[in-house]
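protein_11.csv, holding CSV, C-alpha atoms:
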```csv
chain,number,residue,atom,x,y,z
A,33,MET,CA,28.3,126.6,117.3
A,34,SER,CA,26.7,129.8,116.1
A,35,ASP,CA,24.4,131.8,118.3
A,36,GLN,CA,21.7,131.3,115.7
A,37,HIS,CA,20.9,127.7,116.8
A,38,GLN,CA,21.0,126.3,120.3
A,39,LEU,CA,21.4,122.6,119.8
A,40,PRO,CA,21.1,120.2,122.8
A,41,GLY,CA,24.1,118.2,121.6
A,42,ASP,CA,27.7,118.9,120.7
A,43,ILE,CA,29.6,119.0,117.4
A,44,ARG,CA,33.1,117.7,117.3
A,45,LYS,CA,35.5,115.7,115.1
A,46,LEU,CA,35.4,112.0,115.2
A,47,TRP,CA,38.6,110.2,116.1
A,48,PRO,CA,39.7,107.1,114.1
A,49,SER,CA,38.8,104.8,117.0
A,50,GLU,CA,35.2,106.0,116.8
A,51,TRP,CA,34.4,104.5,113.4
A,52,GLN,CA,31.8,102.2,115.0
A,53,LYS,CA,29.8,105.3,116.1
A,54,PHE,CA,29.9,106.5,112.5
A,55,ARG,CA,28.7,103.1,111.3
A,56,ASP,CA,25.9,103.0,113.8
A,57,HIS,CA,24.7,106.5,112.8
A,58,LEU,CA,24.7,105.5,109.1
A,59,LEU,CA,22.8,102.3,109.9
A,60,ARG,CA,20.1,104.3,111.7
A,61,LEU,CA,19.4,106.4,108.6
A,62,ASP,CA,16.0,105.7,107.2
A,63,LYS,CA,15.7,104.6,103.5
A,64,ALA,CA,15.1,108.1,102.2
A,65,SER,CA,18.0,109.6,104.2
A,66,ARG,CA,20.4,106.8,103.0
A,67,ARG,CA,19.4,107.5,99.4
A,68,MET,CA,20.0,111.3,99.9
A,69,ARG,CA,23.4,110.7,101.5
A,70,PHE,CA,24.7,108.1,99.0
A,71,ALA,CA,22.7,109.2,95.9
A,72,HIS,CA,21.2,105.7,95.7
A,73,GLY,CA,19.9,103.0,98.0
A,74,VAL,CA,22.6,101.2,100.0
A,75,SER,CA,22.6,98.0,102.0
A,76,ASP,CA,23.7,97.5,105.6
A,77,SER,CA,26.8,95.6,104.4
A,78,PHE,CA,27.7,98.6,102.2
A,79,ILE,CA,27.5,100.9,105.2
A,80,GLU,CA,29.5,98.5,107.3
A,81,ASP,CA,32.3,98.5,104.7
A,82,TYR,CA,32.1,102.3,104.2
A,83,ALA,CA,32.3,103.1,107.9
A,84,ALA,CA,35.2,100.7,108.4
A,85,ARG,CA,37.2,102.5,105.8
A,86,MET,CA,36.7,105.9,107.5
A,87,VAL,CA,40.3,105.8,108.7
A,88,ASP,CA,41.6,104.8,105.3
A,89,MET,CA,39.8,107.7,103.6
A,90,SER,CA,42.2,110.1,105.5
A,91,GLY,CA,39.5,112.8,105.6
A,92,ILE,CA,37.9,114.6,108.5
A,93,VAL,CA,34.5,113.6,109.9
A,94,TYR,CA,32.6,116.0,112.1
A,95,GLY,CA,29.7,114.6,114.2
A,96,TYR,CA,26.8,115.9,116.1
A,97,PHE,CA,26.5,114.0,119.3
A,98,GLU,CA,23.6,113.7,121.8
A,99,GLY,CA,25.3,112.2,124.8
A,100,SER,CA,27.7,109.6,123.4
A,101,GLU,CA,25.5,108.8,120.4
A,102,LEU,CA,26.4,110.2,117.0
A,103,ARG,CA,23.2,111.5,115.3
A,104,ALA,CA,24.6,113.4,112.3
A,105,ALA,CA,27.9,113.5,110.3
A,106,ALA,CA,29.7,115.7,107.9
A,107,GLU,CA,32.7,114.3,105.9
A,108,LEU,CA,35.5,116.3,104.3
A,109,LYS,CA,37.5,114.2,101.9
A,110,LYS,CA,40.5,115.3,100.1
A,111,LEU,CA,40.5,114.7,96.3
A,112,GLY,CA,44.0,113.3,95.7
A,113,ASP,CA,46.8,112.2,97.9
A,114,THR,CA,47.3,115.4,99.9
A,115,TRP,CA,45.3,118.4,101.0
A,116,GLY,CA,45.3,121.0,98.4
A,117,ARG,CA,43.3,122.4,95.7
A,118,GLU,CA,40.1,120.3,95.9
A,119,ALA,CA,38.1,118.4,98.5
A,120,GLU,CA,34.6,117.0,98.7
A,121,ALA,CA,31.9,117.3,101.4
A,122,ALA,CA,29.1,114.9,102.3
A,123,PHE,CA,26.5,115.0,105.0
A,124,SER,CA,24.0,112.8,106.8
A,125,VAL,CA,21.5,113.7,109.5
A,126,GLU,CA,19.1,111.2,111.1
A,127,GLN,CA,15.5,112.0,110.1
A,128,PRO,CA,14.1,113.1,113.5
A,129,LEU,CA,16.9,115.8,113.7
A,130,GLN,CA,16.6,117.2,110.2
A,131,GLU,CA,15.5,120.8,109.8
A,132,HIS,CA,17.0,121.8,113.2
A,133,GLY,CA,20.1,123.6,111.9
A,134,ILE,CA,22.5,120.7,112.4
A,135,GLY,CA,23.4,120.3,108.8
A,136,THR,CA,24.1,124.1,108.6
A,137,GLU,CA,26.3,123.9,111.7
A,138,LEU,CA,28.2,120.9,110.3
A,139,MET,CA,28.7,122.7,106.9
A,140,GLY,CA,30.3,125.6,108.7
A,141,ARG,CA,32.8,123.3,110.4
A,142,VAL,CA,33.6,121.5,107.1
A,143,ILE,CA,34.1,124.8,105.3
A,144,ARG,CA,36.4,126.0,108.0
A,145,ALA,CA,38.4,122.8,108.0
A,146,ALA,CA,38.8,123.0,104.2
A,147,ARG,CA,39.9,126.6,104.6
A,148,ASN,CA,42.5,125.7,107.2
A,149,ARG,CA,43.9,123.0,104.9
A,150,GLY,CA,44.3,125.3,101.9
A,151,VAL,CA,41.4,123.8,99.9
A,152,GLN,CA,40.6,126.2,97.1
A,153,HIS,CA,37.6,124.4,95.8
A,154,LEU,CA,35.1,122.5,97.9
A,155,CYS,CA,32.6,120.3,96.0
A,156,LEU,CA,29.4,118.7,97.1
A,157,SER,CA,26.7,116.9,95.1
A,158,CYS,CA,23.2,115.9,96.0
A,159,LEU,CA,20.2,114.5,94.2
A,160,ALA,CA,18.1,117.2,92.5
A,161,GLU,CA,15.2,116.5,94.9
A,162,ASN,CA,17.4,117.1,98.0
A,163,GLY,CA,16.1,120.6,98.8
A,164,LYS,CA,17.5,120.6,102.3
A,165,MET,CA,21.1,120.1,101.1
A,166,ARG,CA,20.6,122.7,98.3
A,167,ALA,CA,19.3,125.2,100.9
A,168,ILE,CA,22.3,124.6,103.2
A,169,ALA,CA,24.7,125.0,100.2
A,170,ALA,CA,23.0,128.1,99.1
A,171,HIS,CA,23.2,129.6,102.6
A,172,PHE,CA,27.0,129.3,102.3
A,173,GLY,CA,27.1,130.9,98.9
A,174,ALA,CA,27.6,127.7,96.9
A,175,ASP,CA,27.5,128.0,93.1
A,176,LEU,CA,24.8,125.4,92.3
A,177,ARG,CA,24.3,123.8,88.9
A,178,PHE,CA,22.4,120.8,87.5
A,179,GLU,CA,24.5,118.0,86.1
A,180,TYR,CA,23.2,114.6,85.0
A,181,GLY,CA,20.3,114.4,87.5
A,182,GLU,CA,22.3,115.8,90.4
A,183,ILE,CA,22.9,119.2,91.8
A,184,VAL,CA,26.6,120.0,92.1
A,185,GLY,CA,27.7,122.8,94.4
A,186,GLU,CA,31.0,124.5,94.6
A,187,ILE,CA,32.3,126.6,97.4
A,188,ILE,CA,35.5,128.6,97.3
A,189,PRO,CA,36.7,128.9,101.0
A,190,ALA,CA,38.6,131.9,102.1
A,191,GLY,CA,42.3,131.3,103.0
A,192,PRO,CA,43.2,130.3,106.5
A,193,ASN,CA,43.9,132.9,109.1
A,194,TYR,CA,44.9,133.0,112.8
A,195,PHE,CA,41.3,133.1,114.0
A,196,SER,CA,40.1,130.2,111.8
A,197,ILE,CA,43.1,128.0,112.9
A,198,LEU,CA,42.7,128.9,116.5
A,199,ALA,CA,38.9,128.2,116.5
A,200,GLU,CA,39.5,124.7,115.0
A,201,ALA,CA,42.4,124.0,117.5
A,202,VAL,CA,40.2,125.0,120.5
A,203,GLU,CA,37.3,122.8,119.3
A,204,ASP,CA,39.7,119.9,118.7
A,205,ARG,CA,40.9,120.1,122.4
A,206,PHE,CA,37.3,120.1,123.6
A,207,GLY,CA,36.4,117.3,121.2
A,208,TYR,CA,39.4,115.2,122.3
A,209,MET,CA,38.4,115.7,126.0
A,210,MET,CA,34.8,114.7,125.2
A,211,ALA,CA,35.9,111.6,123.3
A,212,VAL,CA,38.2,110.5,126.2
A,213,LEU,CA,35.3,111.0,128.7
A,214,ASP,CA,33.0,108.9,126.5
A,215,LEU,CA,35.6,106.2,126.3
A,216,HIS,CA,36.1,106.3,130.0
A,217,SER,CA,32.4,105.9,130.7
A,218,ARG,CA,32.1,103.0,128.2
A,219,VAL,CA,35.1,101.2,129.9
A,220,LEU,CA,33.4,101.7,133.3
A,221,LYS,CA,30.1,100.3,132.1
A,222,ALA,CA,31.9,97.3,130.6
A,223,ALA,CA,33.7,96.6,133.9
```
Would you mind writing the file out in structure tokens?
Amino acid sequence: MSDQHQLPGDIRKLWPSEWQKFRDHLLRLDKASRRMRFAHGVSDSFIEDYAARMVDMSGIVYGYFEGSELRAAAELKKLGDTWGREAEAAFSVEQPLQEHGIGTELMGRVIRAARNRGVQHLCLSCLAENGKMRAIAAHFGADLRFEYGEIVGEIIPAGPNYFSILAEAVEDRFGYMMAVLDLHSRVLKAA
């Protein structure tokens, strides 16, 4: 995380086995936050199906955790069969945690992940009234334009370098350790 924001939780990648945490987070989104995330209202069954396919989407999901509870997520999805020229980003932050810098921190992680995978064009879209997402995108120098009632943002990440790859690798090791400790505590509670 940057020095700019001291968040009480941790940001790390979600592992495929944590799809239920992703589902539970999306189900906790209020009506307005769901609409902002998916660009229209969605049902609980839609979210159940969407989260269950997290592994099939073969993307990367970063999450903001408070303890073992996922409270915000950022998705990086490749457009096509392999990582390459284009990818898409999507974000969701539970309402009580909005406007605390979490979305900005998640965006930084997504941009770095895209950079490290050779993505040359990172796309994101949001409803025109989603000022929070527009501000985050503008913070990272996104080229924003209005298209068919939505704002489309484009970010051109720099190429990967030793430091960007090392930073992601170090965070992945920490994230894996935190996921294992969380699993361990859930197993102990269940026993």
If we count all atoms listed in the file, what is near range 117-130 of chain A at a cut-off of 10 Å, once residues fewer than 5 positions away on the same chain are taken out, given as an MDAnalysis selection string?
chainID A and resid 57:66 68:70 91:96 102:112 135 138:139 142:143 146 149:158 164:165 185:188
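Relative to CA of Val212 in chain A, CA of Leu198 in chain A is found at 21.3 Å.
One distance worth recording is that between CA of Phe54 in chain A and CA of Ile168 in chain A, which is 21.7 Å.
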Between CA of Leu213 in chain A and CA of Leu39 in chain A lies a distance of 20.2 Å
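In terms of minimum interatomic distance to Gly207 in chain A, A:Ser100 ranks closest within A:Ser90, A:Gln52, A:Ser100, A:Gln38, counting only C-alpha atoms.
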Let me make sure I understand: among A:His216, A:Lys53, A:Met210, A:Ala199, which one has the smallest atom-to-atom distance to Glu101 in chain A if we use all atoms listed in the file?
A:Lys53
